[in-house]
file upload29.txt (compact mmCIF, C-alpha atoms)
# COMPACT_ATOMS: atom_id res chain seq x y z
CA MET J 1 159.93 62.02 59.48
CA SER J 2 161.81 65.16 60.36
CA ASP J 3 165.10 65.73 58.56
CA GLN J 4 166.61 67.30 61.68
CA ALA J 5 169.58 65.45 63.11
CA ILE J 6 168.84 63.25 66.08
CA ALA J 7 171.33 63.84 68.88
CA LYS J 8 170.19 61.02 71.13
CA LYS J 9 167.91 58.00 71.05
CA LEU J 10 165.86 56.67 73.94
CA ASP J 11 164.22 53.26 73.95
CA CYS J 12 161.11 53.10 76.16
CA LYS J 13 159.65 50.00 74.53
CA GLY J 14 157.77 47.79 76.97
CA MET J 15 157.61 50.52 79.61
CA CYS J 16 154.40 51.71 81.24
CA CYS J 17 153.29 55.06 82.61
CA PRO J 18 155.00 57.12 83.96
CA LEU J 19 158.34 55.72 82.76
CA PRO J 20 158.38 57.22 79.22
CA VAL J 21 157.99 60.80 80.52
CA VAL J 22 160.39 60.24 83.43
CA LYS J 23 163.06 58.72 81.16
CA THR J 24 162.53 61.48 78.59
CA LYS J 25 163.07 64.18 81.18
CA LYS J 26 166.20 62.41 82.37
CA ALA J 27 167.54 61.97 78.84
CA LEU J 28 167.11 65.67 78.07
CA LYS J 29 169.11 66.63 81.16
CA ASP J 30 172.50 66.08 79.60
CA MET J 31 171.60 67.35 76.12
CA GLU J 32 172.22 70.80 74.67
CA VAL J 33 169.45 73.31 73.93
CA GLY J 34 168.27 72.86 70.35
CA GLU J 35 169.20 69.19 70.15
CA ILE J 36 166.65 66.55 69.21
CA LEU J 37 165.84 63.45 71.24
CA GLU J 38 164.18 60.46 69.59
CA MET J 39 162.05 58.38 71.94
CA ILE J 40 160.24 55.19 70.99
CA SER J 41 157.56 53.69 73.21
CA THR J 42 154.97 50.94 73.02
CA ASP J 43 152.58 52.41 75.60
CA PRO J 44 149.57 53.88 73.72
CA GLY J 45 149.07 56.22 76.70
CA SER J 46 152.37 57.88 75.89
CA MET J 47 150.72 59.66 72.92
CA PRO J 48 148.48 61.92 75.06
CA ASP J 49 151.04 61.86 77.90
CA MET J 50 153.95 63.14 75.80
CA ALA J 51 151.73 65.89 74.35
CA ALA J 52 150.79 67.02 77.87
CA TRP J 53 154.38 66.67 79.03
CA ALA J 54 155.60 68.92 76.22
CA ARG J 55 152.93 71.55 76.97
CA GLN J 56 153.91 71.55 80.64
CA THR J 57 157.69 71.55 80.21
CA LYS J 58 157.66 73.88 77.17
CA HIS J 59 159.98 71.55 75.27
CA GLU J 60 159.00 71.17 71.64
CA LEU J 61 157.31 67.98 70.49
CA VAL J 62 158.51 68.10 66.90
CA GLU J 63 156.82 64.85 66.00
CA ALA J 64 154.53 62.28 67.59
CA LYS J 65 153.77 59.39 65.34
CA ASP J 66 151.93 56.09 65.58
CA MET J 67 154.27 53.81 63.65
CA GLY J 68 151.75 50.97 63.57
CA ASN J 69 153.25 47.75 64.89
CA ASP J 70 152.37 48.99 68.42
CA GLU J 71 155.23 51.49 68.40
CA PHE J 72 155.11 55.23 68.88
CA LEU J 73 157.87 57.60 67.84
CA PHE J 74 158.52 60.99 69.37
CA LEU J 75 160.99 63.69 68.37
CA ILE J 76 161.57 66.18 71.15
CA LYS J 77 163.58 69.36 70.82
CA LYS J 78 165.17 70.66 74.00
CA THR J 79 164.19 74.33 74.21
CA HIS J 80 165.66 75.45 77.52
CA MET C 1 158.04 85.27 86.01
CA SER C 2 154.59 85.48 84.48
CA GLU C 3 151.68 83.47 85.85
CA GLU C 4 151.85 81.29 82.74
CA ASN C 5 155.46 80.25 83.36
CA LYS C 6 155.22 79.83 87.12
CA THR C 7 156.43 76.46 88.37
CA LYS C 8 153.43 74.30 89.18
CA LYS C 9 153.17 72.55 92.51
CA LEU C 10 151.62 69.23 93.49
CA ALA C 11 150.84 68.29 97.09
CA LEU C 12 149.90 64.67 97.79
CA ILE C 13 148.83 62.85 100.91
CA SER C 14 149.66 59.15 100.86
CA SER C 15 147.55 57.41 103.49
CA GLN C 16 147.41 53.78 102.31
CA GLY C 17 150.16 51.22 102.55
CA THR C 18 149.00 48.28 100.45
CA LEU C 19 150.85 47.53 97.23
CA ASP C 20 147.99 48.66 94.99
CA TRP C 21 147.55 51.95 96.87
CA ALA C 22 151.29 52.57 97.10
CA TYR C 23 151.46 53.08 93.34
CA PRO C 24 149.27 56.16 92.70
CA PRO C 25 151.22 58.67 94.81
CA PHE C 26 154.59 57.60 93.39
CA ILE C 27 153.28 57.47 89.79
CA LEU C 28 151.72 60.94 90.06
CA ALA C 29 154.72 62.35 91.90
CA SER C 30 157.27 61.06 89.41
CA GLY C 31 155.07 62.10 86.46
CA ALA C 32 154.67 65.61 87.85
CA ALA C 33 158.38 65.90 88.66
CA ALA C 34 159.13 64.84 85.08
CA MET C 35 157.00 67.82 83.99
CA ASP C 36 159.20 70.10 86.13
CA TRP C 37 156.55 70.52 88.84
CA GLU C 38 157.56 70.87 92.47
CA VAL C 39 156.17 67.89 94.36
CA THR C 40 155.59 67.14 98.03
CA ILE C 41 154.18 63.89 99.42
CA PHE C 42 152.97 63.71 103.00
CA PHE C 43 153.00 60.12 104.27
CA THR C 44 150.52 59.50 107.04
CA PHE C 45 148.84 56.57 108.77
CA TYR C 46 149.29 53.41 106.66
CA GLY C 47 151.16 55.39 104.01
CA LEU C 48 154.02 56.06 106.42
CA PRO C 49 155.74 52.65 106.00
CA LEU C 50 156.31 53.59 102.34
CA LEU C 51 159.16 55.73 103.65
CA LYS C 52 160.92 52.71 105.17
CA LYS C 53 164.26 51.82 103.60
CA GLN C 54 162.80 48.57 102.27
CA ILE C 55 159.20 48.80 101.09
CA GLU C 56 157.27 45.71 102.16
CA ALA C 57 153.83 46.62 100.81
CA LYS C 58 151.46 43.71 100.25
CA VAL C 59 148.06 43.42 98.63
CA SER C 60 145.04 41.43 99.76
CA PRO C 61 142.10 40.25 97.65
CA LEU C 62 140.15 40.10 100.94
CA GLY C 63 137.59 42.91 101.04
CA ASN C 64 138.84 43.96 97.60
CA PRO C 65 136.14 42.54 95.30
CA ALA C 66 137.14 44.69 92.30
CA MET C 67 140.65 43.26 92.22
CA PRO C 68 141.13 41.02 89.18
CA MET C 69 142.76 37.70 90.04
CA LYS C 70 144.60 36.69 86.90
CA MET C 71 147.62 34.49 86.38
CA PRO C 72 150.77 36.21 85.06
CA PHE C 73 151.95 33.07 83.23
CA GLY C 74 150.70 30.49 80.75
CA PRO C 75 148.99 30.94 77.37
CA ALA C 76 147.14 34.21 76.64
CA GLY C 77 143.71 32.57 77.05
CA PHE C 78 144.68 31.22 80.46
CA GLN C 79 146.10 34.59 81.53
CA GLY C 80 142.81 36.23 80.59
CA ILE C 81 140.79 34.14 83.03
CA ASN C 82 139.60 35.95 86.13
CA TRP C 83 139.58 33.64 89.17
CA PRO C 84 136.98 34.77 91.67
CA ILE C 85 138.29 33.86 95.13
CA PRO C 86 135.62 33.75 97.86
CA ASN C 87 136.58 35.62 101.03
CA LEU C 88 136.12 32.36 102.93
CA ILE C 89 139.11 30.97 101.04
CA SER C 90 141.33 34.04 100.84
CA SER C 91 140.94 34.67 104.57
CA ASN C 92 141.62 31.09 105.64
CA ILE C 93 144.49 29.86 103.51
CA PRO C 94 147.84 30.73 105.14
CA GLY C 95 150.07 32.63 102.76
CA PHE C 96 147.23 33.68 100.45
CA GLU C 97 148.14 37.35 100.74
CA SER C 98 151.78 36.63 99.97
CA MET C 99 150.69 34.68 96.92
CA ALA C 100 148.36 37.45 95.73
CA THR C 101 151.17 39.97 96.32
CA GLY C 102 153.61 37.83 94.35
CA LEU C 103 151.13 37.49 91.47
CA MET C 104 150.52 41.24 91.36
CA LYS C 105 154.24 42.05 91.41
CA LYS C 106 154.85 39.51 88.64
CA THR C 107 151.96 40.88 86.56
CA PHE C 108 153.20 44.46 86.96
CA LYS C 109 156.71 43.45 86.00
CA ASN C 110 155.46 41.57 82.92
CA LYS C 111 153.49 44.64 81.84
CA GLY C 112 156.49 46.96 82.14
CA VAL C 113 155.38 48.74 85.31
CA ALA C 114 158.20 49.88 87.58
CA SER C 115 158.27 48.56 91.14
CA VAL C 116 157.15 50.89 93.93
CA GLN C 117 160.74 51.02 95.14
CA GLU C 118 162.00 52.02 91.67
CA LEU C 119 159.34 54.72 91.38
CA ARG C 120 160.30 56.07 94.80
CA ASP C 121 163.97 56.15 93.73
CA MET C 122 162.98 58.15 90.64
CA CYS C 123 161.04 60.58 92.85
CA ILE C 124 164.09 61.02 95.08
CA ASP C 125 166.26 61.52 92.03
CA MET C 126 163.92 64.32 90.85
CA ASP C 127 163.90 66.03 94.27
CA VAL C 128 160.37 65.15 95.32
CA GLN C 129 159.95 66.29 98.91
CA MET C 130 158.81 63.48 101.21
CA ILE C 131 157.42 64.23 104.64
CA GLY C 132 156.68 61.57 107.25
CA CYS C 133 153.90 62.25 109.74
CA GLN C 134 155.28 62.71 113.26
CA MET C 135 151.99 61.77 114.91
CA THR C 136 151.79 58.46 112.99
CA MET C 137 155.39 57.71 113.99
CA ASP C 138 154.49 58.20 117.64
CA VAL C 139 151.27 56.17 117.43
CA PHE C 140 152.68 53.18 115.53
CA GLY C 141 156.17 53.33 117.02
CA PHE C 142 158.35 54.22 114.04
CA LYS C 143 161.79 55.78 114.38
CA LYS C 144 163.31 58.22 111.89
CA GLU C 145 166.28 55.86 111.45
CA GLU C 146 163.94 53.30 109.86
CA PHE C 147 163.17 55.71 107.03
CA ILE C 148 165.15 56.69 103.96
CA GLU C 149 167.44 59.61 104.74
CA GLU C 150 165.58 61.88 102.28
CA ALA C 151 162.50 61.74 104.51
CA GLU C 152 161.68 64.86 106.47
CA ILE C 153 159.44 64.70 109.51
CA GLY C 154 156.55 67.06 110.11
CA GLY C 155 152.90 67.52 110.91
CA ALA C 156 149.64 68.86 109.56
CA ALA C 157 150.78 72.49 109.61
CA MET C 158 153.93 71.71 107.64
CA PHE C 159 151.92 69.94 104.94
CA LEU C 160 149.13 72.51 104.84
CA GLU C 161 151.61 75.32 104.30
CA VAL C 162 152.86 73.46 101.23
CA ALA C 163 149.33 72.60 100.08
CA ALA C 164 148.22 76.22 100.38
CA GLU C 165 150.70 77.09 97.63
CA ALA C 166 149.95 74.04 95.50
CA ASP C 167 148.11 74.05 92.16
CA VAL C 168 146.97 70.46 92.68
CA SER C 169 146.32 68.72 96.01
CA LEU C 170 145.22 65.11 96.28
CA PHE C 171 144.44 62.79 99.16
CA ILE C 172 145.22 59.19 98.30

call {"tool": "encode", "arguments": {"input": "upload29.txt", "output": "structure tokens"}}
result
Amino acid sequence: MSDQAIAKKLDCKGMCCPLPVVKTKKALKDMEVGEILEMISTDPGSMPDMAAWARQTKHELVEAKDMGNDEFLFLIKKTH
Amino acid sequence: MSEENKTKKLALISSQGTLDWAYPPFILASGAAAMDWEVTIFFTFYGLPLLKKQIEAKVSPLGNPAMPMKMPFGPAGFQGINWPIPNLISSNIPGFESMATGLMKKTFKNKGVASVQELRDMCIDMDVQMIGCQMTMDVFGFKKEEFIEEAEIGGAAMFLEVAAEADVSLFI
């Protein structure tokens, strides 16, 4: 786990593609540059999807972790 | 702006109006918009009714042999059963399409998939451009007032101009 402070948490549990990326984009909208968003999903597809999303949007995927228990945790730093 | 940082563009043609085929354009469009791409969807032929204020898309197992027919309720083992429905039955029982549509909507909801209407709202929220095909409107007798107010109306040239600048173009 990153020791950086989490500014906002987003729960995408139970949601399917493309909701995790859409909700993540929306959540970042009213955050400040440099702040960290924590997103938790249960969709295994969100692992490759969030990686691609971060490459495309140039936001920083600080952490992408399979928590076991069918949950995936993402820490996203807003870069612009 | 360097080539690397240029905003990417997606141009989609949505030509099918059944519930199953209504999903791909809205899923791709909302996904791309979430990645900060500029997105345009051109709705033509049977895709055009997807611009109506209320989406009434249905699905039919008839002529759709790859469609799994599974129940969205009951124990896991029961839900896993695929019920092959002969065309003779699905084409002759009144209300079969409505039932299949209801089952698919229920299954999608259970699995955490957004409804087509919700996905379209997200697309609108992220400024996805939606163009309705003028020719299809004329042929099938649609009026602009029947469509959501975000819908623009245009033709092949309008779409092709967008597609010419697009990084990804798909016909669905």

call {"tool": "residues_around", "arguments": {"input": "upload29.txt", "residues": "segment 61-73 of chain J", "least_positions_apart": "3", "cutoff": "6 Å", "atoms": "all atoms listed in the file", "output": "list in words"}}
result
Met39, Ile40, Ser41, Thr42 and Ile76 of chain J

call {"tool": "closest_residue", "arguments": {"input": "upload29.txt", "among": "C:Ile93, C:Met69, C:Met35, C:Leu119", "to": "chain J", "atoms": "all atoms listed in the file"}}
result
C:Met35

call {"tool": "closest_atom_pairs", "arguments": {"input": "upload29.txt", "of": "chain J", "to": "chain C", "cutoff": "10 Å", "atoms": "only C-alpha atoms", "output": "tab-separated table"}}
result
residue	atom	partner	partner_atom	distance
J:Cys12	CA	C:Gly112	CA	9.7
J:Lys13	CA	C:Gly112	CA	8.8
J:Gly14	CA	C:Gly112	CA	5.4
J:Met15	CA	C:Gly112	CA	4.5
J:Cys16	CA	C:Val113	CA	5.1
J:Cys17	CA	C:Val113	CA	7.2
J:Pro18	CA	C:Gly31	CA	5.6
J:Leu19	CA	C:Ala114	CA	7.6
J:Pro20	CA	C:Gly31	CA	9.3
J:Val21	CA	C:Ala34	CA	6.2
J:Val22	CA	C:Ala34	CA	5.0
J:Lys23	CA	C:Ala34	CA	8.3
J:Thr24	CA	C:Ala34	CA	8.1
J:Lys25	CA	C:Ala34	CA	5.6
J:Lys26	CA	C:Ala34	CA	8.0
J:Asp43	CA	C:Gly112	CA	9.4
J:Asp49	CA	C:Gly31	CA	9.5
J:Met50	CA	C:Met35	CA	9.9
J:Ala52	CA	C:Met35	CA	8.8
J:Trp53	CA	C:Met35	CA	5.7
J:Ala54	CA	C:Met35	CA	8.0
J:Arg55	CA	C:Met35	CA	8.9
J:Gln56	CA	C:Met35	CA	5.9
J:Thr57	CA	C:Met35	CA	5.4
J:Lys58	CA	C:Met35	CA	9.1
J:His59	CA	C:Met35	CA	9.9

call {"tool": "axis_aligned_box", "arguments": {"input": "upload29.txt", "around": "segment 28-45 of chain C", "padding_each_side": "6 Å", "output": "AutoDock Vina command-line options"}}
result
--center_x 154.0 --center_y 63.7 --center_z 96.4 --size_x 22.4 --size_y 26.3 --size_z 36.8

call {"tool": "atom_distance", "arguments": {"input": "upload29.txt", "atom1": "atom CA of Met67 of chain C", "atom2": "atom CA of Gln79 of chain C"}}
result
14.8 Å

call {"tool": "atom_distance", "arguments": {"input": "upload29.txt", "atom1": "atom CA of Phe45 of chain C", "atom2": "atom CA of Gly132 of chain C"}}
result
9.4 Å

call {"tool": "residues_around", "arguments": {"input": "upload29.txt", "residues": "Lys105 of chain C", "least_positions_apart": "3", "cutoff": "12 Å", "atoms": "all atoms listed in the file", "output": "PyMOL selection string"}}
result
chain C and resi 19-20+23+56-59+70-72+98-102+108-117

call {"tool": "residues_around", "arguments": {"input": "upload29.txt", "residues": "Asn64 of chain C", "least_positions_apart": "4", "cutoff": "12 Å", "atoms": "only C-alpha atoms", "output": "PDB file with C-alpha atoms, keeping the file's coordinate frame"}}
result
ATOM      1  CA  THR C  18     149.000  48.280 100.450  1.00  0.00           C
ATOM      2  CA  ASP C  20     147.990  48.660  94.990  1.00  0.00           C
ATOM      3  CA  TRP C  21     147.550  51.950  96.870  1.00  0.00           C
ATOM      4  CA  VAL C  59     148.060  43.420  98.630  1.00  0.00           C
ATOM      5  CA  SER C  60     145.040  41.430  99.760  1.00  0.00           C
ATOM      6  CA  PRO C  68     141.130  41.020  89.180  1.00  0.00           C
ATOM      7  CA  MET C  69     142.760  37.700  90.040  1.00  0.00           C
ATOM      8  CA  PRO C  84     136.980  34.770  91.670  1.00  0.00           C
ATOM      9  CA  ILE C  85     138.290  33.860  95.130  1.00  0.00           C
ATOM     10  CA  PRO C  86     135.620  33.750  97.860  1.00  0.00           C
ATOM     11  CA  ASN C  87     136.580  35.620 101.030  1.00  0.00           C
ATOM     12  CA  SER C  90     141.330  34.040 100.840  1.00  0.00           C
ATOM     13  CA  SER C  91     140.940  34.670 104.570  1.00  0.00           C
ATOM     14  CA  GLU C  97     148.140  37.350 100.740  1.00  0.00           C
ATOM     15  CA  ALA C 100     148.360  37.450  95.730  1.00  0.00           C
TER      16      ALA C 100
END

call {"tool": "closest_residue", "arguments": {"input": "upload29.txt", "among": "C:Ser15, C:Thr107, C:Gln129, C:Thr136", "to": "Gly80 of chain C", "atoms": "all atoms listed in the file"}}
result
C:Thr107

call {"tool": "atom_distance", "arguments": {"input": "upload29.txt", "atom1": "atom CA of Pro44 of chain J", "atom2": "atom CA of Asp11 of chain J"}}
result
14.7 Å

call {"tool": "residues_around", "arguments": {"input": "upload29.txt", "residues": "Asp30 of chain J", "least_positions_apart": "6", "cutoff": "12 Å", "atoms": "all atoms listed in the file", "output": "MDAnalysis selection string"}}
result
chainID J and resid 7:8 24 36:37 78 80

call {"tool": "residues_around", "arguments": {"input": "upload29.txt", "residues": "Gln16 of chain C", "least_positions_apart": "5", "cutoff": "7 Å", "atoms": "only C-alpha atoms", "output": "list in words"}}
result
Trp21, Ala22, Tyr46 and Gly47 of chain C

call {"tool": "build_atoms", "arguments": {"input": "upload29.txt", "residues": "segment 66-79 of chain J", "atoms": "N, CA and C atoms", "output": "mmCIF file, in the coordinates of the input"}}
result
data_model
loop_
_atom_site.group_PDB
_atom_site.id
_atom_site.type_symbol
_atom_site.label_atom_id
_atom_site.label_comp_id
_atom_site.auth_asym_id
_atom_site.auth_seq_id
_atom_site.Cartn_x
_atom_site.Cartn_y
_atom_site.Cartn_z
ATOM 1 N N ASP J 66 152.275 57.492 65.395
ATOM 2 C CA ASP J 66 151.930 56.090 65.580
ATOM 3 C C ASP J 66 152.546 55.310 64.421
ATOM 4 N N MET J 67 153.538 54.503 64.712
ATOM 5 C CA MET J 67 154.270 53.810 63.650
ATOM 6 C C MET J 67 153.533 52.557 63.176
ATOM 7 N N GLY J 68 152.393 52.260 63.803
ATOM 8 C CA GLY J 68 151.750 50.970 63.570
ATOM 9 C C GLY J 68 152.623 49.972 64.322
ATOM 10 N N ASN J 69 152.336 48.679 64.245
ATOM 11 C CA ASN J 69 153.250 47.750 64.890
ATOM 12 C C ASN J 69 153.382 47.993 66.407
ATOM 13 N N ASP J 70 152.379 48.690 66.979
ATOM 14 C CA ASP J 70 152.370 48.990 68.420
ATOM 15 C C ASP J 70 153.562 49.823 68.887
ATOM 16 N N GLU J 71 154.135 50.610 67.991
ATOM 17 C CA GLU J 71 155.230 51.490 68.400
ATOM 18 C C GLU J 71 154.894 52.940 68.120
ATOM 19 N N PHE J 72 155.352 53.790 69.021
ATOM 20 C CA PHE J 72 155.110 55.230 68.880
ATOM 21 C C PHE J 72 156.443 55.962 68.898
ATOM 22 N N LEU J 73 156.599 56.880 67.948
ATOM 23 C CA LEU J 73 157.870 57.600 67.840
ATOM 24 C C LEU J 73 157.681 59.072 68.177
ATOM 25 N N PHE J 74 158.577 59.578 68.977
ATOM 26 C CA PHE J 74 158.520 60.990 69.370
ATOM 27 C C PHE J 74 159.859 61.655 69.088
ATOM 28 N N LEU J 75 159.792 62.866 68.519
ATOM 29 C CA LEU J 75 160.990 63.690 68.370
ATOM 30 C C LEU J 75 160.794 64.909 69.261
ATOM 31 N N ILE J 76 161.696 65.104 70.174
ATOM 32 C CA ILE J 76 161.570 66.180 71.150
ATOM 33 C C ILE J 76 162.774 67.098 71.052
ATOM 34 N N LYS J 77 162.484 68.400 70.878
ATOM 35 C CA LYS J 77 163.580 69.360 70.820
ATOM 36 C C LYS J 77 163.710 70.054 72.167
ATOM 37 N N LYS J 78 164.908 70.010 72.712
ATOM 38 C CA LYS J 78 165.170 70.660 74.000
ATOM 39 C C LYS J 78 165.192 72.177 73.778
ATOM 40 N N THR J 79 164.309 72.887 74.463
ATOM 41 C CA THR J 79 164.190 74.330 74.210
ATOM 42 C C THR J 79 164.774 75.203 75.300
#
